[in-house]
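Comments concern the structure below.
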Amino acid sequence: AGSFFKNPVVSLDRLDQIKLTNPDVPHYAVVDGKFKLPAAYLIDQAGWKGKTFGNYGVHKDQPLVIVNYGGAKGLDIWQLALDIQASVKDRFGVELTPEVNVI
């Protein structure tokens, strides 16, 4: 699924905290003093880009894409998404929200 997660919006305080360890974090201002961050950057910096687990994983070129290479179960993909969310939350204090419809 391409663009598995939405780009999160964070406060200036959260952005400043992230910049302490990642001064090059891409961001742009949105409304009310908030900033949008690229989910792909966060996922990449958390070490997920290109990781595979047998027949599924994160695309080697685009961290927003979760790939089923054939035969993976929906639960495998969902668990990977949960693991990515937890990792990004732990590292950056940012919650990723799925952009895909989960059925």
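In the structure tokens, chains take letters A, B, ... by order of appearance, with residues numbered from 1 within each chain and ligands from 1 in the order shown.
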If DSSP is run on the backbone, what residues of chain A are strand (DSSP E)? A reply as a PDB file with all heavy atoms, in the first residue's frame would be ideal.
```pdb
ATOM      1  N   VAL A   9       1.115  16.240  11.857  1.00  0.00           N
ATOM      2  CA  VAL A   9       1.198  17.661  12.182  1.00  0.00           C
ATOM      3  C   VAL A   9       1.592  17.755  13.653  1.00  0.00           C
ATOM      4  O   VAL A   9       1.015  17.076  14.507  1.00  0.00           O
ATOM      5  CB  VAL A   9      -0.149  18.361  11.922  1.00  0.00           C
ATOM      6  CG1 VAL A   9      -0.100  19.817  12.366  1.00  0.00           C
ATOM      7  CG2 VAL A   9      -0.518  18.261  10.445  1.00  0.00           C
ATOM      8  N   VAL A  10       2.602  18.583  13.935  1.00  0.00           N
ATOM      9  CA  VAL A  10       3.129  18.695  15.302  1.00  0.00           C
ATOM     10  C   VAL A  10       3.194  20.152  15.732  1.00  0.00           C
ATOM     11  O   VAL A  10       3.166  21.072  14.909  1.00  0.00           O
ATOM     12  CB  VAL A  10       4.539  18.060  15.412  1.00  0.00           C
ATOM     13  CG1 VAL A  10       4.487  16.574  15.063  1.00  0.00           C
ATOM     14  CG2 VAL A  10       5.555  18.780  14.555  1.00  0.00           C
ATOM     15  N   SER A  11       3.310  20.338  17.026  1.00  0.00           N
ATOM     16  CA  SER A  11       3.468  21.683  17.588  1.00  0.00           C
ATOM     17  C   SER A  11       4.901  22.171  17.357  1.00  0.00           C
ATOM     18  O   SER A  11       5.810  21.378  17.074  1.00  0.00           O
ATOM     19  CB  SER A  11       3.178  21.650  19.088  1.00  0.00           C
ATOM     20  OG  SER A  11       4.189  20.903  19.752  1.00  0.00           O
ATOM     21  N   TYR A  28       7.089  21.974   7.176  1.00  0.00           N
ATOM     22  CA  TYR A  28       6.538  23.217   6.684  1.00  0.00           C
ATOM     23  C   TYR A  28       5.348  23.618   7.534  1.00  0.00           C
ATOM     24  O   TYR A  28       4.653  22.781   8.107  1.00  0.00           O
ATOM     25  CB  TYR A  28       6.178  23.164   5.193  1.00  0.00           C
ATOM     26  CG  TYR A  28       5.154  22.148   4.790  1.00  0.00           C
ATOM     27  CD1 TYR A  28       3.815  22.488   4.698  1.00  0.00           C
ATOM     28  CD2 TYR A  28       5.523  20.844   4.465  1.00  0.00           C
ATOM     29  CE1 TYR A  28       2.865  21.560   4.319  1.00  0.00           C
ATOM     30  CE2 TYR A  28       4.586  19.913   4.074  1.00  0.00           C
ATOM     31  CZ  TYR A  28       3.251  20.280   4.004  1.00  0.00           C
ATOM     32  OH  TYR A  28       2.313  19.355   3.633  1.00  0.00           O
ATOM     33  N   ALA A  29       5.173  24.910   7.651  1.00  0.00           N
ATOM     34  CA  ALA A  29       4.124  25.466   8.496  1.00  0.00           C
ATOM     35  C   ALA A  29       2.753  25.192   7.893  1.00  0.00           C
ATOM     36  O   ALA A  29       2.564  25.272   6.676  1.00  0.00           O
ATOM     37  CB  ALA A  29       4.332  26.965   8.672  1.00  0.00           C
ATOM     38  N   LYS A  34       1.375  25.252  13.792  1.00  0.00           N
ATOM     39  CA  LYS A  34       1.682  23.821  13.700  1.00  0.00           C
ATOM     40  C   LYS A  34       2.529  23.582  12.459  1.00  0.00           C
ATOM     41  O   LYS A  34       2.559  24.385  11.532  1.00  0.00           O
ATOM     42  CB  LYS A  34       0.401  22.993  13.620  1.00  0.00           C
ATOM     43  CG  LYS A  34      -0.563  23.237  14.739  1.00  0.00           C
ATOM     44  CD  LYS A  34      -0.468  22.180  15.758  1.00  0.00           C
ATOM     45  CE  LYS A  34      -1.576  22.413  16.780  1.00  0.00           C
ATOM     46  NZ  LYS A  34      -1.343  21.815  18.011  1.00  0.00           N
ATOM     47  N   PHE A  35       3.201  22.421  12.451  1.00  0.00           N
ATOM     48  CA  PHE A  35       4.101  22.081  11.356  1.00  0.00           C
ATOM     49  C   PHE A  35       3.862  20.655  10.892  1.00  0.00           C
ATOM     50  O   PHE A  35       3.680  19.753  11.714  1.00  0.00           O
ATOM     51  CB  PHE A  35       5.562  22.243  11.804  1.00  0.00           C
ATOM     52  CG  PHE A  35       5.892  23.653  12.139  1.00  0.00           C
ATOM     53  CD1 PHE A  35       5.617  24.166  13.396  1.00  0.00           C
ATOM     54  CD2 PHE A  35       6.453  24.485  11.183  1.00  0.00           C
ATOM     55  CE1 PHE A  35       5.903  25.491  13.707  1.00  0.00           C
ATOM     56  CE2 PHE A  35       6.739  25.810  11.484  1.00  0.00           C
ATOM     57  CZ  PHE A  35       6.458  26.310  12.749  1.00  0.00           C
ATOM     58  N   LYS A  36       3.878  20.469   9.583  1.00  0.00           N
ATOM     59  CA  LYS A  36       3.711  19.146   9.003  1.00  0.00           C
ATOM     60  C   LYS A  36       5.088  18.552   8.736  1.00  0.00           C
ATOM     61  O   LYS A  36       5.979  19.230   8.229  1.00  0.00           O
ATOM     62  CB  LYS A  36       2.905  19.211   7.707  1.00  0.00           C
ATOM     63  CG  LYS A  36       2.492  17.831   7.193  1.00  0.00           C
ATOM     64  CD  LYS A  36       1.530  17.927   6.031  1.00  0.00           C
ATOM     65  CE  LYS A  36       0.137  18.097   6.577  1.00  0.00           C
ATOM     66  NZ  LYS A  36      -0.890  17.810   5.569  1.00  0.00           N
ATOM     67  N   TYR A  56       7.163  -9.873   3.148  1.00  0.00           N
ATOM     68  CA  TYR A  56       6.589  -8.532   3.252  1.00  0.00           C
ATOM     69  C   TYR A  56       7.616  -7.591   3.879  1.00  0.00           C
ATOM     70  O   TYR A  56       8.618  -8.036   4.441  1.00  0.00           O
ATOM     71  CB  TYR A  56       5.289  -8.530   4.063  1.00  0.00           C
ATOM     72  CG  TYR A  56       5.463  -8.933   5.510  1.00  0.00           C
ATOM     73  CD1 TYR A  56       5.578  -7.980   6.502  1.00  0.00           C
ATOM     74  CD2 TYR A  56       5.507 -10.271   5.888  1.00  0.00           C
ATOM     75  CE1 TYR A  56       5.746  -8.327   7.827  1.00  0.00           C
ATOM     76  CE2 TYR A  56       5.665 -10.643   7.200  1.00  0.00           C
ATOM     77  CZ  TYR A  56       5.785  -9.671   8.171  1.00  0.00           C
ATOM     78  OH  TYR A  56       5.945 -10.022   9.479  1.00  0.00           O
ATOM     79  N   GLY A  57       7.362  -6.299   3.759  1.00  0.00           N
ATOM     80  CA  GLY A  57       8.294  -5.342   4.344  1.00  0.00           C
ATOM     81  C   GLY A  57       8.023  -3.921   3.892  1.00  0.00           C
ATOM     82  O   GLY A  57       6.973  -3.614   3.345  1.00  0.00           O
ATOM     83  N   VAL A  58       9.017  -3.076   4.120  1.00  0.00           N
ATOM     84  CA  VAL A  58       8.948  -1.662   3.751  1.00  0.00           C
ATOM     85  C   VAL A  58       9.762  -1.488   2.470  1.00  0.00           C
ATOM     86  O   VAL A  58      10.880  -1.994   2.364  1.00  0.00           O
ATOM     87  CB  VAL A  58       9.504  -0.770   4.885  1.00  0.00           C
ATOM     88  CG1 VAL A  58       9.461   0.700   4.493  1.00  0.00           C
ATOM     89  CG2 VAL A  58       8.737  -1.021   6.184  1.00  0.00           C
ATOM     90  N   ILE A  66       4.336  -0.017   2.210  1.00  0.00           N
ATOM     91  CA  ILE A  66       4.448  -1.351   2.792  1.00  0.00           C
ATOM     92  C   ILE A  66       4.094  -2.342   1.694  1.00  0.00           C
ATOM     93  O   ILE A  66       3.075  -2.195   1.020  1.00  0.00           O
ATOM     94  CB  ILE A  66       3.540  -1.506   4.018  1.00  0.00           C
ATOM     95  CG1 ILE A  66       4.034  -0.572   5.128  1.00  0.00           C
ATOM     96  CG2 ILE A  66       3.510  -2.950   4.489  1.00  0.00           C
ATOM     97  CD1 ILE A  66       3.199  -0.589   6.388  1.00  0.00           C
ATOM     98  N   VAL A  67       4.954  -3.347   1.529  1.00  0.00           N
ATOM     99  CA  VAL A  67       4.835  -4.251   0.384  1.00  0.00           C
ATOM    100  C   VAL A  67       4.558  -5.686   0.838  1.00  0.00           C
ATOM    101  O   VAL A  67       5.219  -6.195   1.739  1.00  0.00           O
ATOM    102  CB  VAL A  67       6.150  -4.243  -0.444  1.00  0.00           C
ATOM    103  CG1 VAL A  67       6.031  -5.151  -1.657  1.00  0.00           C
ATOM    104  CG2 VAL A  67       6.510  -2.827  -0.876  1.00  0.00           C
ATOM    105  N   ASN A  68       3.598  -6.307   0.181  1.00  0.00           N
ATOM    106  CA  ASN A  68       3.368  -7.751   0.314  1.00  0.00           C
ATOM    107  C   ASN A  68       3.966  -8.363  -0.941  1.00  0.00           C
ATOM    108  O   ASN A  68       3.441  -8.210  -2.032  1.00  0.00           O
ATOM    109  CB  ASN A  68       1.875  -8.056   0.412  1.00  0.00           C
ATOM    110  CG  ASN A  68       1.591  -9.533   0.599  1.00  0.00           C
ATOM    111  OD1 ASN A  68       2.439 -10.392   0.336  1.00  0.00           O
ATOM    112  ND2 ASN A  68       0.382  -9.833   1.039  1.00  0.00           N
TER     113      ASN A  68
END
```
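The space separating atom CA of A:Asn7 from atom CA of A:Leu75 comes to 23.2 Å.
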* Asked: Can you tell me, as a list in words, what residues are no more than 12 Å from A:Tyr69 when counting only C-alpha atoms, ignoring any on the same chain fewer than 6 positions away?
  -> Ala1, Thr52, Phe53, Gly54, Asn55, Tyr56, Gly57, Val58, His59, Asp76 and Ile77 of chain A
How would the residues just chosen look if you wrote them out with C-alpha atoms as a PDB file, in the first residue's frame?
```pdb
ATOM      1  CA  ALA A   1       0.000   0.000   0.000  1.00  0.00           C
ATOM      2  CA  THR A  52      11.897  -7.079   4.933  1.00  0.00           C
ATOM      3  CA  PHE A  53      10.379  -9.890   6.935  1.00  0.00           C
ATOM      4  CA  GLY A  54      10.158 -12.884   4.652  1.00  0.00           C
ATOM      5  CA  ASN A  55       7.502 -12.062   2.105  1.00  0.00           C
ATOM      6  CA  TYR A  56       6.589  -8.532   3.252  1.00  0.00           C
ATOM      7  CA  GLY A  57       8.294  -5.342   4.344  1.00  0.00           C
ATOM      8  CA  VAL A  58       8.948  -1.662   3.751  1.00  0.00           C
ATOM      9  CA  HIS A  59       9.832  -0.628   0.217  1.00  0.00           C
ATOM     10  CA  ASP A  76       1.466  -9.536   9.115  1.00  0.00           C
ATOM     11  CA  ILE A  77       1.079  -6.212   7.325  1.00  0.00           C
TER      12      ILE A  77
END
```
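Atom CA of A:Ile43 is positioned 7.5 Å from atom CA of A:Leu64.
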* Go through A:Ala72, A:Val65, A:Ala39, A:Val102 one by one, measure the shortest atom-to-atom distance of each to A:Gln85 using only C-alpha atoms, and give the residue with the smallest value. => A:Ala39
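The spacing separating atom CA of A:Val88 from atom CA of A:Asp61 amounts to 18.3 Å.
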* **DSSP-assigned helix (DSSP H, G or I) among chain A, expressed as a PyMOL selection string** => chain A and resi 12-21+39-45+74-92
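For A:Val94, the residues within 10 Å (counting only C-alpha atoms, excluding itself and residues fewer than 2 positions away along the chain) are Pro8, Val9, Val10, Arg14, Leu15, Ile18, Leu37, Ala39, Leu42, Gln85, Ala86, Ser87, Val88, Lys89, Asp90, Arg91, Phe92, Leu96 and Thr97 of chain A.
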Selection above as a file: C-alpha atoms, as an mmCIF file, in the first residue's frame:
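Output saved as again03.cif:
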```
data_model
loop_
_atom_site.group_PDB
_atom_site.id
_atom_site.type_symbol
_atom_site.label_atom_id
_atom_site.label_comp_id
_atom_site.auth_asym_id
_atom_site.auth_seq_id
_atom_site.Cartn_x
_atom_site.Cartn_y
_atom_site.Cartn_z
ATOM 1 C CA PRO A 8 1.771 14.134 10.917
ATOM 2 C CA VAL A 9 1.198 17.661 12.182
ATOM 3 C CA VAL A 10 3.129 18.695 15.302
ATOM 4 C CA ARG A 14 7.638 19.025 19.341
ATOM 5 C CA LEU A 15 9.393 20.222 16.178
ATOM 6 C CA ILE A 18 12.970 16.678 17.067
ATOM 7 C CA LEU A 37 6.484 16.546 8.888
ATOM 8 C CA ALA A 39 6.078 10.533 7.548
ATOM 9 C CA LEU A 42 10.435 9.774 10.203
ATOM 10 C CA GLN A 85 4.071 3.459 14.552
ATOM 11 C CA ALA A 86 5.545 2.412 17.915
ATOM 12 C CA SER A 87 9.101 2.954 16.687
ATOM 13 C CA VAL A 88 8.391 6.454 15.364
ATOM 14 C CA LYS A 89 6.505 7.333 18.571
ATOM 15 C CA ASP A 90 9.429 6.122 20.704
ATOM 16 C CA ARG A 91 12.064 7.946 18.689
ATOM 17 C CA PHE A 92 10.304 11.214 17.848
ATOM 18 C CA LEU A 96 1.577 8.200 12.772
ATOM 19 C CA THR A 97 -1.976 7.690 11.543
#
```
Please list as a PDB file with all heavy atoms, in the first residue's frame every residue within 12 Å of A:Gln62, counting only C-alpha atoms and excluding residues in the same chain fewer than 6 positions away.
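In the end it all went to part-v5.pdb:
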```
ATOM      1  N   ALA A   1       0.855  -1.180   0.000  1.00  0.00           N
ATOM      2  CA  ALA A   1       0.000   0.000   0.000  1.00  0.00           C
ATOM      3  C   ALA A   1       0.888   1.226   0.000  1.00  0.00           C
ATOM      4  O   ALA A   1       1.731   1.367   0.879  1.00  0.00           O
ATOM      5  CB  ALA A   1      -0.916  -0.008   1.216  1.00  0.00           C
ATOM      6  N   GLY A   2       0.704   2.074  -0.955  1.00  0.00           N
ATOM      7  CA  GLY A   2       1.467   3.314  -1.014  1.00  0.00           C
ATOM      8  C   GLY A   2       0.889   4.343  -0.070  1.00  0.00           C
ATOM      9  O   GLY A   2      -0.300   4.328   0.230  1.00  0.00           O
ATOM     10  N   SER A   3       1.721   5.229   0.419  1.00  0.00           N
ATOM     11  CA  SER A   3       1.315   6.252   1.384  1.00  0.00           C
ATOM     12  C   SER A   3       0.498   5.626   2.506  1.00  0.00           C
ATOM     13  O   SER A   3      -0.636   6.002   2.755  1.00  0.00           O
ATOM     14  CB  SER A   3       0.531   7.371   0.699  1.00  0.00           C
ATOM     15  OG  SER A   3       1.359   8.070  -0.191  1.00  0.00           O
ATOM     16  N   PHE A   4       1.109   4.664   3.177  1.00  0.00           N
ATOM     17  CA  PHE A   4       0.408   3.934   4.225  1.00  0.00           C
ATOM     18  C   PHE A   4       0.047   4.844   5.391  1.00  0.00           C
ATOM     19  O   PHE A   4      -0.989   4.678   6.015  1.00  0.00           O
ATOM     20  CB  PHE A   4       1.275   2.768   4.718  1.00  0.00           C
ATOM     21  CG  PHE A   4       0.503   1.730   5.459  1.00  0.00           C
ATOM     22  CD1 PHE A   4       0.022   0.610   4.807  1.00  0.00           C
ATOM     23  CD2 PHE A   4       0.244   1.874   6.813  1.00  0.00           C
ATOM     24  CE1 PHE A   4      -0.715  -0.343   5.491  1.00  0.00           C
ATOM     25  CE2 PHE A   4      -0.486   0.924   7.502  1.00  0.00           C
ATOM     26  CZ  PHE A   4      -0.970  -0.192   6.844  1.00  0.00           C
ATOM     27  N   PHE A   5       0.892   5.856   5.683  1.00  0.00           N
ATOM     28  CA  PHE A   5       0.651   6.763   6.802  1.00  0.00           C
ATOM     29  C   PHE A   5       0.499   8.205   6.320  1.00  0.00           C
ATOM     30  O   PHE A   5       1.135   8.618   5.356  1.00  0.00           O
ATOM     31  CB  PHE A   5       1.814   6.711   7.789  1.00  0.00           C
ATOM     32  CG  PHE A   5       1.997   5.375   8.448  1.00  0.00           C
ATOM     33  CD1 PHE A   5       3.013   4.529   8.040  1.00  0.00           C
ATOM     34  CD2 PHE A   5       1.160   4.964   9.464  1.00  0.00           C
ATOM     35  CE1 PHE A   5       3.189   3.291   8.632  1.00  0.00           C
ATOM     36  CE2 PHE A   5       1.325   3.726  10.066  1.00  0.00           C
ATOM     37  CZ  PHE A   5       2.333   2.888   9.653  1.00  0.00           C
ATOM     38  N   PRO A  38       7.190  15.092   7.065  1.00  0.00           N
ATOM     39  CA  PRO A  38       7.010  13.953   6.164  1.00  0.00           C
ATOM     40  C   PRO A  38       7.117  12.630   6.938  1.00  0.00           C
ATOM     41  O   PRO A  38       8.146  12.340   7.556  1.00  0.00           O
ATOM     42  CB  PRO A  38       8.142  14.075   5.154  1.00  0.00           C
ATOM     43  CG  PRO A  38       8.849  15.345   5.444  1.00  0.00           C
ATOM     44  CD  PRO A  38       8.410  15.829   6.784  1.00  0.00           C
ATOM     45  N   ALA A  39       6.065  11.841   6.890  1.00  0.00           N
ATOM     46  CA  ALA A  39       6.078  10.533   7.548  1.00  0.00           C
ATOM     47  C   ALA A  39       7.211   9.678   6.983  1.00  0.00           C
ATOM     48  O   ALA A  39       7.859   8.927   7.725  1.00  0.00           O
ATOM     49  CB  ALA A  39       4.730   9.836   7.369  1.00  0.00           C
ATOM     50  N   ALA A  40       7.482   9.798   5.693  1.00  0.00           N
ATOM     51  CA  ALA A  40       8.553   9.002   5.076  1.00  0.00           C
ATOM     52  C   ALA A  40       9.898   9.290   5.733  1.00  0.00           C
ATOM     53  O   ALA A  40      10.686   8.373   5.968  1.00  0.00           O
ATOM     54  CB  ALA A  40       8.622   9.278   3.572  1.00  0.00           C
ATOM     55  N   TYR A  41      10.179  10.540   6.046  1.00  0.00           N
ATOM     56  CA  TYR A  41      11.432  10.907   6.711  1.00  0.00           C
ATOM     57  C   TYR A  41      11.517  10.247   8.083  1.00  0.00           C
ATOM     58  O   TYR A  41      12.550   9.677   8.450  1.00  0.00           O
ATOM     59  CB  TYR A  41      11.531  12.429   6.839  1.00  0.00           C
ATOM     60  CG  TYR A  41      12.716  12.886   7.653  1.00  0.00           C
ATOM     61  CD1 TYR A  41      13.951  13.086   7.051  1.00  0.00           C
ATOM     62  CD2 TYR A  41      12.610  13.093   9.024  1.00  0.00           C
ATOM     63  CE1 TYR A  41      15.058  13.491   7.797  1.00  0.00           C
ATOM     64  CE2 TYR A  41      13.702  13.501   9.775  1.00  0.00           C
ATOM     65  CZ  TYR A  41      14.921  13.691   9.156  1.00  0.00           C
ATOM     66  OH  TYR A  41      16.007  14.089   9.903  1.00  0.00           O
ATOM     67  N   LEU A  42      10.445  10.338   8.852  1.00  0.00           N
ATOM     68  CA  LEU A  42      10.435   9.774  10.203  1.00  0.00           C
ATOM     69  C   LEU A  42      10.637   8.263  10.170  1.00  0.00           C
ATOM     70  O   LEU A  42      11.413   7.708  10.951  1.00  0.00           O
ATOM     71  CB  LEU A  42       9.127  10.124  10.906  1.00  0.00           C
ATOM     72  CG  LEU A  42       8.830  11.615  11.067  1.00  0.00           C
ATOM     73  CD1 LEU A  42       7.434  11.825  11.643  1.00  0.00           C
ATOM     74  CD2 LEU A  42       9.874  12.304  11.924  1.00  0.00           C
ATOM     75  N   ILE A  43       9.952   7.604   9.241  1.00  0.00           N
ATOM     76  CA  ILE A  43      10.056   6.148   9.110  1.00  0.00           C
ATOM     77  C   ILE A  43      11.473   5.762   8.688  1.00  0.00           C
ATOM     78  O   ILE A  43      12.065   4.823   9.237  1.00  0.00           O
ATOM     79  CB  ILE A  43       9.004   5.628   8.108  1.00  0.00           C
ATOM     80  CG1 ILE A  43       7.596   5.860   8.659  1.00  0.00           C
ATOM     81  CG2 ILE A  43       9.233   4.148   7.802  1.00  0.00           C
ATOM     82  CD1 ILE A  43       6.494   5.713   7.626  1.00  0.00           C
ATOM     83  N   ASP A  44      12.029   6.492   7.748  1.00  0.00           N
ATOM     84  CA  ASP A  44      13.396   6.234   7.287  1.00  0.00           C
ATOM     85  C   ASP A  44      14.395   6.420   8.429  1.00  0.00           C
ATOM     86  O   ASP A  44      15.247   5.560   8.676  1.00  0.00           O
ATOM     87  CB  ASP A  44      13.723   7.155   6.120  1.00  0.00           C
ATOM     88  CG  ASP A  44      15.077   6.902   5.488  1.00  0.00           C
ATOM     89  OD1 ASP A  44      15.668   5.824   5.710  1.00  0.00           O
ATOM     90  OD2 ASP A  44      15.555   7.785   4.754  1.00  0.00           O
ATOM     91  N   TRP A  48      13.406   1.906   9.181  1.00  0.00           N
ATOM     92  CA  TRP A  48      12.503   0.944   8.550  1.00  0.00           C
ATOM     93  C   TRP A  48      12.670   0.811   7.043  1.00  0.00           C
ATOM     94  O   TRP A  48      12.291  -0.219   6.475  1.00  0.00           O
ATOM     95  CB  TRP A  48      11.054   1.316   8.869  1.00  0.00           C
ATOM     96  CG  TRP A  48      10.723   1.061  10.283  1.00  0.00           C
ATOM     97  CD1 TRP A  48      10.697   1.977  11.299  1.00  0.00           C
ATOM     98  CD2 TRP A  48      10.400  -0.195  10.872  1.00  0.00           C
ATOM     99  NE1 TRP A  48      10.377   1.366  12.475  1.00  0.00           N
ATOM    100  CE2 TRP A  48      10.179   0.034  12.239  1.00  0.00           C
ATOM    101  CE3 TRP A  48      10.275  -1.489  10.372  1.00  0.00           C
ATOM    102  CZ2 TRP A  48       9.842  -0.992  13.118  1.00  0.00           C
ATOM    103  CZ3 TRP A  48       9.931  -2.503  11.247  1.00  0.00           C
ATOM    104  CH2 TRP A  48       9.720  -2.252  12.600  1.00  0.00           C
ATOM    105  N   LYS A  49      13.183   1.802   6.386  1.00  0.00           N
ATOM    106  CA  LYS A  49      13.279   1.778   4.925  1.00  0.00           C
ATOM    107  C   LYS A  49      14.070   0.548   4.473  1.00  0.00           C
ATOM    108  O   LYS A  49      15.184   0.305   4.919  1.00  0.00           O
ATOM    109  CB  LYS A  49      13.963   3.047   4.423  1.00  0.00           C
ATOM    110  CG  LYS A  49      14.055   3.169   2.918  1.00  0.00           C
ATOM    111  CD  LYS A  49      14.650   4.524   2.577  1.00  0.00           C
ATOM    112  CE  LYS A  49      15.053   4.655   1.155  1.00  0.00           C
ATOM    113  NZ  LYS A  49      15.671   5.955   0.890  1.00  0.00           N
ATOM    114  N   GLY A  50      13.447  -0.265   3.604  1.00  0.00           N
ATOM    115  CA  GLY A  50      14.099  -1.432   3.033  1.00  0.00           C
ATOM    116  C   GLY A  50      14.071  -2.682   3.893  1.00  0.00           C
ATOM    117  O   GLY A  50      14.544  -3.732   3.465  1.00  0.00           O
ATOM    118  N   LYS A  51      13.519  -2.604   5.103  1.00  0.00           N
ATOM    119  CA  LYS A  51      13.460  -3.792   5.961  1.00  0.00           C
ATOM    120  C   LYS A  51      12.432  -4.776   5.412  1.00  0.00           C
ATOM    121  O   LYS A  51      11.323  -4.387   5.049  1.00  0.00           O
ATOM    122  CB  LYS A  51      13.074  -3.413   7.390  1.00  0.00           C
ATOM    123  CG  LYS A  51      14.223  -2.993   8.220  1.00  0.00           C
ATOM    124  CD  LYS A  51      13.851  -3.054   9.686  1.00  0.00           C
ATOM    125  CE  LYS A  51      15.106  -2.879  10.509  1.00  0.00           C
ATOM    126  NZ  LYS A  51      14.851  -2.990  11.926  1.00  0.00           N
TER     127      LYS A  51
END
```
